[in-house]
>>> print(open('run-v6.txt').read())   # compact mmCIF, C-alpha atoms
# COMPACT_ATOMS: atom_id res chain seq x y z
CA MET A 17 -21.74 -54.51 -107.13
CA ASN A 18 -19.57 -57.54 -106.36
CA LEU A 19 -16.44 -55.40 -106.79
CA VAL A 20 -17.65 -52.90 -104.16
CA PHE A 21 -18.59 -55.72 -101.79
CA SER A 22 -15.26 -57.52 -102.22
CA LYS A 23 -13.29 -54.29 -101.64
CA SER A 24 -15.31 -53.62 -98.48
CA LEU A 25 -14.73 -57.16 -97.29
CA LEU A 26 -11.01 -56.86 -98.01
CA GLY A 27 -10.89 -53.58 -96.06
CA LEU A 28 -12.63 -55.17 -93.06
CA ALA A 29 -10.24 -58.11 -93.19
CA GLY A 30 -7.29 -55.71 -93.21
CA ILE A 31 -8.62 -53.79 -90.21
CA SER A 32 -9.26 -57.05 -88.34
CA PHE A 33 -5.72 -58.22 -89.09
CA LEU A 34 -4.25 -54.95 -87.79
CA LEU A 35 -6.29 -55.15 -84.59
CA CYS A 36 -5.30 -58.78 -83.99
CA SER A 37 -1.65 -58.02 -84.76
CA SER A 38 -1.70 -55.13 -82.31
CA GLN A 39 -3.23 -57.29 -79.57
CA LEU A 40 -0.72 -60.06 -80.27
CA ALA A 41 2.18 -57.60 -80.01
CA MET A 42 0.86 -56.36 -76.66
CA ALA A 43 0.71 -59.95 -75.45
CA LEU A 44 4.36 -60.43 -76.38
CA VAL A 45 5.60 -58.07 -73.62
CA PRO A 46 5.26 -59.88 -70.28
CA ASN A 47 3.76 -57.96 -67.35
CA ASP A 48 7.03 -58.14 -65.40
CA VAL A 49 9.07 -56.40 -68.13
CA ALA A 50 9.59 -52.67 -67.61
CA ILE A 51 9.56 -50.55 -70.74
CA ILE A 52 11.52 -47.32 -70.69
CA VAL A 53 10.33 -44.95 -73.42
CA ASN A 54 12.23 -41.81 -74.39
CA SER A 55 10.26 -39.65 -76.81
CA GLY A 56 13.15 -38.12 -78.67
CA SER A 57 12.76 -34.50 -79.71
CA THR A 58 12.38 -32.32 -82.75
CA ASN A 59 16.04 -32.97 -83.60
CA THR A 60 16.78 -36.35 -82.00
CA ILE A 61 15.55 -39.94 -82.13
CA GLY A 62 14.18 -41.46 -78.94
CA TYR A 63 14.60 -45.00 -77.66
CA ARG A 64 12.78 -47.87 -75.99
CA ILE A 65 14.44 -50.21 -73.51
CA TYR A 66 12.75 -53.42 -72.36
CA VAL A 67 14.17 -54.59 -69.01
CA SER A 68 13.35 -58.00 -67.57
CA PRO A 69 13.75 -58.79 -63.85
CA SER A 70 16.67 -61.08 -64.79
CA GLY A 71 18.56 -58.10 -66.22
CA GLU A 72 18.14 -59.22 -69.83
CA VAL A 73 17.51 -56.18 -71.99
CA ASN A 74 16.25 -55.54 -75.51
CA TYR A 75 16.35 -52.03 -76.85
CA VAL A 76 15.85 -49.98 -79.96
CA ASP A 77 17.24 -46.55 -80.73
CA GLY A 78 18.24 -44.58 -83.80
CA LYS A 79 21.10 -47.02 -84.43
CA GLY A 80 18.77 -50.05 -84.56
CA SER A 81 17.83 -52.79 -82.14
CA ASN A 82 20.12 -54.69 -79.83
CA GLN A 83 20.29 -56.79 -76.66
CA GLY A 84 22.24 -56.58 -73.49
CA LYS A 85 22.49 -57.62 -69.87
CA LEU A 86 22.49 -55.27 -66.90
CA THR A 87 24.42 -55.93 -63.74
CA GLU A 88 22.51 -57.67 -60.99
CA LYS A 89 22.98 -54.64 -58.74
CA LEU A 90 21.49 -52.17 -61.27
CA THR A 91 18.63 -54.54 -62.14
CA LYS A 92 17.69 -55.08 -58.49
CA LYS A 93 17.89 -51.36 -57.73
CA PHE A 94 15.69 -50.49 -60.72
CA PHE A 95 12.99 -53.06 -59.90
CA HIS A 96 13.13 -52.14 -56.21
CA ASP A 97 12.62 -48.47 -57.08
CA LEU A 98 9.75 -49.43 -59.42
CA LYS A 99 8.09 -51.41 -56.63
CA VAL A 100 8.44 -48.50 -54.19
CA ALA A 101 6.97 -46.09 -56.76
CA GLU A 102 3.89 -48.21 -57.59
CA PRO A 103 1.41 -47.45 -58.90
CA LEU A 104 3.48 -45.61 -61.49
CA SER A 105 0.52 -43.63 -62.76
CA ASN A 106 0.17 -42.02 -59.32
CA LEU A 107 3.62 -40.44 -59.38
CA PRO A 108 3.17 -36.66 -59.31
CA LYS A 109 3.40 -34.80 -62.58
CA GLN A 110 6.00 -32.06 -62.44
CA GLY A 111 6.46 -29.60 -65.25
CA CYS A 112 9.93 -28.36 -66.07
CA VAL A 113 11.50 -26.12 -68.66
CA LYS A 114 12.88 -28.01 -71.66
CA SER A 115 14.45 -26.99 -74.92
CA VAL A 116 11.96 -26.89 -77.78
CA SER A 117 14.47 -28.55 -80.13
CA PHE A 118 16.14 -31.01 -77.77
CA GLY A 119 13.69 -31.55 -74.89
CA THR A 120 12.53 -35.15 -74.43
CA THR A 121 10.18 -37.00 -72.10
CA THR A 122 10.94 -40.31 -70.43
CA THR A 123 8.26 -42.64 -69.12
CA ILE A 124 8.24 -46.15 -67.71
CA ARG A 125 5.55 -48.74 -68.35
CA LEU A 126 5.08 -51.83 -66.21
CA ALA A 127 2.11 -54.17 -65.77
CA GLY A 128 -0.38 -51.83 -67.41
CA GLU A 129 0.81 -48.74 -65.51
CA GLU A 130 2.67 -45.79 -67.01
CA SER A 131 4.60 -43.11 -65.18
CA PRO A 132 4.48 -39.42 -65.97
CA ASP A 133 7.66 -37.88 -67.38
CA ILE A 134 10.33 -38.94 -64.88
CA SER A 135 12.89 -36.60 -66.42
CA CYS A 136 10.93 -33.88 -64.58
CA PRO A 137 10.60 -35.77 -61.29
CA GLY A 138 7.81 -34.68 -58.98
CA ASN A 139 9.15 -36.47 -55.93
CA VAL A 140 12.04 -38.58 -54.60
CA LYS A 141 10.58 -41.82 -56.02
CA ALA A 142 10.48 -40.39 -59.55
CA GLN A 143 13.99 -38.95 -59.09
CA ARG A 144 15.32 -42.39 -58.17
CA LEU A 145 13.69 -43.89 -61.26
CA ASP A 146 15.16 -41.14 -63.44
CA ASN A 147 18.62 -41.87 -61.99
CA ASP A 148 18.09 -45.59 -62.68
CA VAL A 149 17.07 -44.91 -66.30
CA ILE A 150 20.12 -42.69 -66.82
CA ALA A 151 22.36 -45.48 -65.44
CA ILE A 152 20.63 -48.14 -67.61
CA ALA A 153 20.95 -46.05 -70.78
CA LYS A 154 24.60 -45.35 -69.96
CA ALA A 155 25.34 -49.05 -69.31
CA LEU A 156 23.85 -49.92 -72.71
CA ASN A 157 25.34 -46.91 -74.50
CA VAL A 158 21.83 -45.84 -75.57
CA VAL A 159 21.59 -42.15 -76.41
CA ASN A 160 19.40 -39.78 -78.36
CA ILE A 161 21.14 -39.34 -81.69
CA PRO A 162 20.42 -36.64 -84.26
CA LYS A 163 17.71 -37.59 -86.73
CA SER A 164 20.16 -36.98 -89.58
CA GLN A 165 22.43 -39.74 -88.21
CA GLY A 166 19.97 -42.55 -87.56
CA GLN A 167 16.80 -44.36 -88.49
CA PRO A 168 13.34 -43.67 -87.00
CA LEU A 169 12.14 -46.17 -84.41
CA PRO A 170 9.71 -48.81 -85.56
CA PRO A 171 6.14 -48.12 -84.40
CA GLN A 172 5.12 -49.12 -80.90
CA ASN A 173 2.62 -51.93 -80.83
CA PHE A 174 1.45 -51.47 -77.27
>>> encode(input="run-v6.txt", output="structure tokens")
Amino acid sequence: MNLVFSKSLLGLAGISFLLCSSQLAMALVPNDVAIIVNSGSTNTIGYRIYVSPSGEVNYVDGKGSNQGKLTEKLTKKFFHDLKVAEPLSNLPKQGCVKSVSFGTTTTIRLAGEESPDISCPGNVKAQRLDNDVIAIAKALNVVNIPKSQGQPLPPQNF
């Protein structure tokens, strides 16, 4: 009987730890940091880029994690376009034809809001954000690489 009880207690402790860890990880991303999330595809690894208003960037892709700094011009343009597009969740959803093997989705999260897939922009605001994300990824040399040539991304904790 004690063995069953102690295993149950250990299981509850483990679940509590996971929930607290998840909440702590969410608290580690400030509300003013934009998170660009590319899903990857059947054949490629996605990426996540964390952009602060100062232009400091942390990112993870199939090659691992790294840091960088965007130009002031690109940073200001990106955050201006984010502000104009707020609330991000109200951007129109626009379907588009994508390859089954190589089609990806790209979303942006900021201050509790998340955009629809901006790689299928539903209006000019989403198109500007998609152009910004393309420029940011290019500046950092972040690309979708084949799964056979990289490592899977660590799990998202937000």
>>> residues_around(input="run-v6.txt", residues="Pro137 (chain A)", least_positions_apart="3", cutoff="12 Å", atoms="all atoms listed in the file", output="list in words")
Ala101, Leu107, Pro108, Lys109, Gln110, Gly111, Cys112, Thr121, Thr122, Thr123, Ser131, Pro132, Asp133, Ile134, Val140, Lys141, Ala142, Gln143, Arg144, Leu145, Asp146 and Asn147 of chain A
>>> atom_distance(input="run-v6.txt", atom1="CA of Lys93 (chain A)", atom2="CA of Gly138 (chain A)")
19.5 Å
>>> atom_distance(input="run-v6.txt", atom1="CA of Val159 (chain A)", atom2="CA of Val49 (chain A)")
20.7 Å
>>> atom_distance(input="run-v6.txt", atom1="CA of Ile51 (chain A)", atom2="CA of Ile152 (chain A)")
11.8 Å
>>> residues_around(input="run-v6.txt", residues="Val158 (chain A)", least_positions_apart="3", cutoff="12 Å", atoms="only C-alpha atoms", output="ChimeraX atom specification")
/A:52-54,61-65,73-84,149-155,161
>>> write_last_selection(input="run-v6.txt", atoms="C-alpha atoms", output="mmCIF file, in the frame of the given file")
data_model
loop_
_atom_site.group_PDB
_atom_site.id
_atom_site.type_symbol
_atom_site.label_atom_id
_atom_site.label_comp_id
_atom_site.auth_asym_id
_atom_site.auth_seq_id
_atom_site.Cartn_x
_atom_site.Cartn_y
_atom_site.Cartn_z
ATOM 1 C CA ILE A 52 11.520 -47.320 -70.690
ATOM 2 C CA VAL A 53 10.330 -44.950 -73.420
ATOM 3 C CA ASN A 54 12.230 -41.810 -74.390
ATOM 4 C CA ILE A 61 15.550 -39.940 -82.130
ATOM 5 C CA GLY A 62 14.180 -41.460 -78.940
ATOM 6 C CA TYR A 63 14.600 -45.000 -77.660
ATOM 7 C CA ARG A 64 12.780 -47.870 -75.990
ATOM 8 C CA ILE A 65 14.440 -50.210 -73.510
ATOM 9 C CA VAL A 73 17.510 -56.180 -71.990
ATOM 10 C CA ASN A 74 16.250 -55.540 -75.510
ATOM 11 C CA TYR A 75 16.350 -52.030 -76.850
ATOM 12 C CA VAL A 76 15.850 -49.980 -79.960
ATOM 13 C CA ASP A 77 17.240 -46.550 -80.730
ATOM 14 C CA GLY A 78 18.240 -44.580 -83.800
ATOM 15 C CA LYS A 79 21.100 -47.020 -84.430
ATOM 16 C CA GLY A 80 18.770 -50.050 -84.560
ATOM 17 C CA SER A 81 17.830 -52.790 -82.140
ATOM 18 C CA ASN A 82 20.120 -54.690 -79.830
ATOM 19 C CA GLN A 83 20.290 -56.790 -76.660
ATOM 20 C CA GLY A 84 22.240 -56.580 -73.490
ATOM 21 C CA VAL A 149 17.070 -44.910 -66.300
ATOM 22 C CA ILE A 150 20.120 -42.690 -66.820
ATOM 23 C CA ALA A 151 22.360 -45.480 -65.440
ATOM 24 C CA ILE A 152 20.630 -48.140 -67.610
ATOM 25 C CA ALA A 153 20.950 -46.050 -70.780
ATOM 26 C CA LYS A 154 24.600 -45.350 -69.960
ATOM 27 C CA ALA A 155 25.340 -49.050 -69.310
ATOM 28 C CA ILE A 161 21.140 -39.340 -81.690
#
>>> closest_residue(input="run-v6.txt", among="A:Lys92, A:Leu169, A:Ser135, A:Ser117", to="Ser70 (chain A)", atoms="only C-alpha atoms")
A:Lys92
>>> closest_residue(input="run-v6.txt", among="A:Ser68, A:Gly119, A:Glu130, A:Thr87", to="Ser105 (chain A)", atoms="all atoms listed in the file")
A:Glu130
>>> closest_residue(input="run-v6.txt", among="A:Asn59, A:Gly166, A:Tyr66, A:Pro46", to="Ile124 (chain A)", atoms="all atoms listed in the file")
A:Tyr66
>>> decode(input="run-v6.txt", residues="region 41-66 of chain A", atoms="N, CA, C and O atoms", output="PDB file, in the first residue's frame")
ATOM      1  N   ALA A  41       9.203  29.028 -17.785  1.00  0.00           N
ATOM      2  CA  ALA A  41       9.743  29.273 -19.120  1.00  0.00           C
ATOM      3  C   ALA A  41       8.944  30.358 -19.829  1.00  0.00           C
ATOM      4  O   ALA A  41       9.507  31.194 -20.532  1.00  0.00           O
ATOM      5  N   MET A  42       7.607  30.352 -19.651  1.00  0.00           N
ATOM      6  CA  MET A  42       6.796  31.389 -20.277  1.00  0.00           C
ATOM      7  C   MET A  42       7.168  32.755 -19.713  1.00  0.00           C
ATOM      8  O   MET A  42       7.184  33.739 -20.427  1.00  0.00           O
ATOM      9  N   ALA A  43       7.475  32.805 -18.420  1.00  0.00           N
ATOM     10  CA  ALA A  43       7.808  34.065 -17.788  1.00  0.00           C
ATOM     11  C   ALA A  43       9.170  34.580 -18.259  1.00  0.00           C
ATOM     12  O   ALA A  43       9.473  35.747 -18.110  1.00  0.00           O
ATOM     13  N   LEU A  44       9.988  33.723 -18.826  1.00  0.00           N
ATOM     14  CA  LEU A  44      11.316  34.119 -19.247  1.00  0.00           C
ATOM     15  C   LEU A  44      11.319  34.903 -20.553  1.00  0.00           C
ATOM     16  O   LEU A  44      12.324  35.503 -20.898  1.00  0.00           O
ATOM     17  N   VAL A  45      10.231  34.890 -21.310  1.00  0.00           N
ATOM     18  CA  VAL A  45      10.151  35.658 -22.554  1.00  0.00           C
ATOM     19  C   VAL A  45       9.361  36.936 -22.257  1.00  0.00           C
ATOM     20  O   VAL A  45       8.160  36.885 -22.045  1.00  0.00           O
ATOM     21  N   PRO A  46      10.049  38.071 -22.228  1.00  0.00           N
ATOM     22  CA  PRO A  46       9.360  39.336 -21.929  1.00  0.00           C
ATOM     23  C   PRO A  46       8.267  39.646 -22.955  1.00  0.00           C
ATOM     24  O   PRO A  46       8.345  39.228 -24.111  1.00  0.00           O
ATOM     25  N   ASN A  47       7.272  40.406 -22.522  1.00  0.00           N
ATOM     26  CA  ASN A  47       6.137  40.754 -23.388  1.00  0.00           C
ATOM     27  C   ASN A  47       6.527  41.580 -24.599  1.00  0.00           C
ATOM     28  O   ASN A  47       5.795  41.628 -25.571  1.00  0.00           O
ATOM     29  N   ASP A  48       7.667  42.268 -24.542  1.00  0.00           N
ATOM     30  CA  ASP A  48       8.053  43.107 -25.677  1.00  0.00           C
ATOM     31  C   ASP A  48       8.952  42.387 -26.676  1.00  0.00           C
ATOM     32  O   ASP A  48       9.414  42.982 -27.639  1.00  0.00           O
ATOM     33  N   VAL A  49       9.184  41.091 -26.476  1.00  0.00           N
ATOM     34  CA  VAL A  49       9.994  40.297 -27.397  1.00  0.00           C
ATOM     35  C   VAL A  49       9.067  39.589 -28.383  1.00  0.00           C
ATOM     36  O   VAL A  49       8.141  38.894 -27.982  1.00  0.00           O
ATOM     37  N   ALA A  50       9.314  39.800 -29.657  1.00  0.00           N
ATOM     38  CA  ALA A  50       8.535  39.138 -30.710  1.00  0.00           C
ATOM     39  C   ALA A  50       9.171  37.783 -31.000  1.00  0.00           C
ATOM     40  O   ALA A  50      10.391  37.670 -31.098  1.00  0.00           O
ATOM     41  N   ILE A  51       8.323  36.778 -31.145  1.00  0.00           N
ATOM     42  CA  ILE A  51       8.802  35.425 -31.421  1.00  0.00           C
ATOM     43  C   ILE A  51       8.293  35.011 -32.792  1.00  0.00           C
ATOM     44  O   ILE A  51       7.086  34.916 -33.018  1.00  0.00           O
ATOM     45  N   ILE A  52       9.223  34.806 -33.693  1.00  0.00           N
ATOM     46  CA  ILE A  52       8.896  34.337 -35.040  1.00  0.00           C
ATOM     47  C   ILE A  52       9.029  32.822 -35.020  1.00  0.00           C
ATOM     48  O   ILE A  52      10.080  32.296 -34.649  1.00  0.00           O
ATOM     49  N   VAL A  53       7.967  32.124 -35.415  1.00  0.00           N
ATOM     50  CA  VAL A  53       7.975  30.664 -35.392  1.00  0.00           C
ATOM     51  C   VAL A  53       7.693  30.143 -36.793  1.00  0.00           C
ATOM     52  O   VAL A  53       6.638  30.418 -37.364  1.00  0.00           O
ATOM     53  N   ASN A  54       8.660  29.414 -37.332  1.00  0.00           N
ATOM     54  CA  ASN A  54       8.469  28.723 -38.612  1.00  0.00           C
ATOM     55  C   ASN A  54       8.311  27.250 -38.295  1.00  0.00           C
ATOM     56  O   ASN A  54       9.143  26.672 -37.597  1.00  0.00           O
ATOM     57  N   SER A  55       7.251  26.644 -38.800  1.00  0.00           N
ATOM     58  CA  SER A  55       6.884  25.273 -38.445  1.00  0.00           C
ATOM     59  C   SER A  55       7.816  24.203 -38.993  1.00  0.00           C
ATOM     60  O   SER A  55       7.846  23.093 -38.470  1.00  0.00           O
ATOM     61  N   GLY A  56       8.563  24.532 -40.037  1.00  0.00           N
ATOM     62  CA  GLY A  56       9.255  23.463 -40.744  1.00  0.00           C
ATOM     63  C   GLY A  56       8.216  22.685 -41.546  1.00  0.00           C
ATOM     64  O   GLY A  56       7.040  23.057 -41.612  1.00  0.00           O
ATOM     65  N   SER A  57       8.645  21.618 -42.165  1.00  0.00           N
ATOM     66  CA  SER A  57       7.733  20.832 -43.001  1.00  0.00           C
ATOM     67  C   SER A  57       8.010  19.354 -42.803  1.00  0.00           C
ATOM     68  O   SER A  57       8.798  18.970 -41.937  1.00  0.00           O
ATOM     69  N   THR A  58       7.411  18.552 -43.636  1.00  0.00           N
ATOM     70  CA  THR A  58       7.657  17.119 -43.588  1.00  0.00           C
ATOM     71  C   THR A  58       9.141  16.821 -43.755  1.00  0.00           C
ATOM     72  O   THR A  58       9.687  15.941 -43.100  1.00  0.00           O
ATOM     73  N   ASN A  59       9.809  17.581 -44.600  1.00  0.00           N
ATOM     74  CA  ASN A  59      11.212  17.317 -44.939  1.00  0.00           C
ATOM     75  C   ASN A  59      12.222  18.294 -44.341  1.00  0.00           C
ATOM     76  O   ASN A  59      13.422  18.090 -44.480  1.00  0.00           O
ATOM     77  N   THR A  60      11.747  19.378 -43.726  1.00  0.00           N
ATOM     78  CA  THR A  60      12.681  20.391 -43.228  1.00  0.00           C
ATOM     79  C   THR A  60      12.419  20.724 -41.762  1.00  0.00           C
ATOM     80  O   THR A  60      11.321  20.522 -41.249  1.00  0.00           O
ATOM     81  N   ILE A  61      13.442  21.279 -41.118  1.00  0.00           N
ATOM     82  CA  ILE A  61      13.363  21.701 -39.727  1.00  0.00           C
ATOM     83  C   ILE A  61      12.990  23.181 -39.699  1.00  0.00           C
ATOM     84  O   ILE A  61      13.533  23.985 -40.462  1.00  0.00           O
ATOM     85  N   GLY A  62      12.087  23.541 -38.828  1.00  0.00           N
ATOM     86  CA  GLY A  62      11.680  24.938 -38.689  1.00  0.00           C
ATOM     87  C   GLY A  62      12.684  25.733 -37.876  1.00  0.00           C
ATOM     88  O   GLY A  62      13.823  25.304 -37.647  1.00  0.00           O
ATOM     89  N   TYR A  63      12.249  26.904 -37.410  1.00  0.00           N
ATOM     90  CA  TYR A  63      13.096  27.752 -36.581  1.00  0.00           C
ATOM     91  C   TYR A  63      12.241  28.652 -35.714  1.00  0.00           C
ATOM     92  O   TYR A  63      11.051  28.841 -35.966  1.00  0.00           O
ATOM     93  N   ARG A  64      12.865  29.176 -34.671  1.00  0.00           N
ATOM     94  CA  ARG A  64      12.260  30.193 -33.820  1.00  0.00           C
ATOM     95  C   ARG A  64      13.278  31.320 -33.663  1.00  0.00           C
ATOM     96  O   ARG A  64      14.450  31.077 -33.406  1.00  0.00           O
ATOM     97  N   ILE A  65      12.796  32.544 -33.828  1.00  0.00           N
ATOM     98  CA  ILE A  65      13.649  33.723 -33.685  1.00  0.00           C
ATOM     99  C   ILE A  65      12.997  34.643 -32.653  1.00  0.00           C
ATOM    100  O   ILE A  65      11.827  35.002 -32.793  1.00  0.00           O
ATOM    101  N   TYR A  66      13.754  35.002 -31.634  1.00  0.00           N
ATOM    102  CA  TYR A  66      13.286  35.895 -30.577  1.00  0.00           C
ATOM    103  C   TYR A  66      13.929  37.259 -30.812  1.00  0.00           C
ATOM    104  O   TYR A  66      15.147  37.390 -30.728  1.00  0.00           O
TER     105      TYR A  66
END
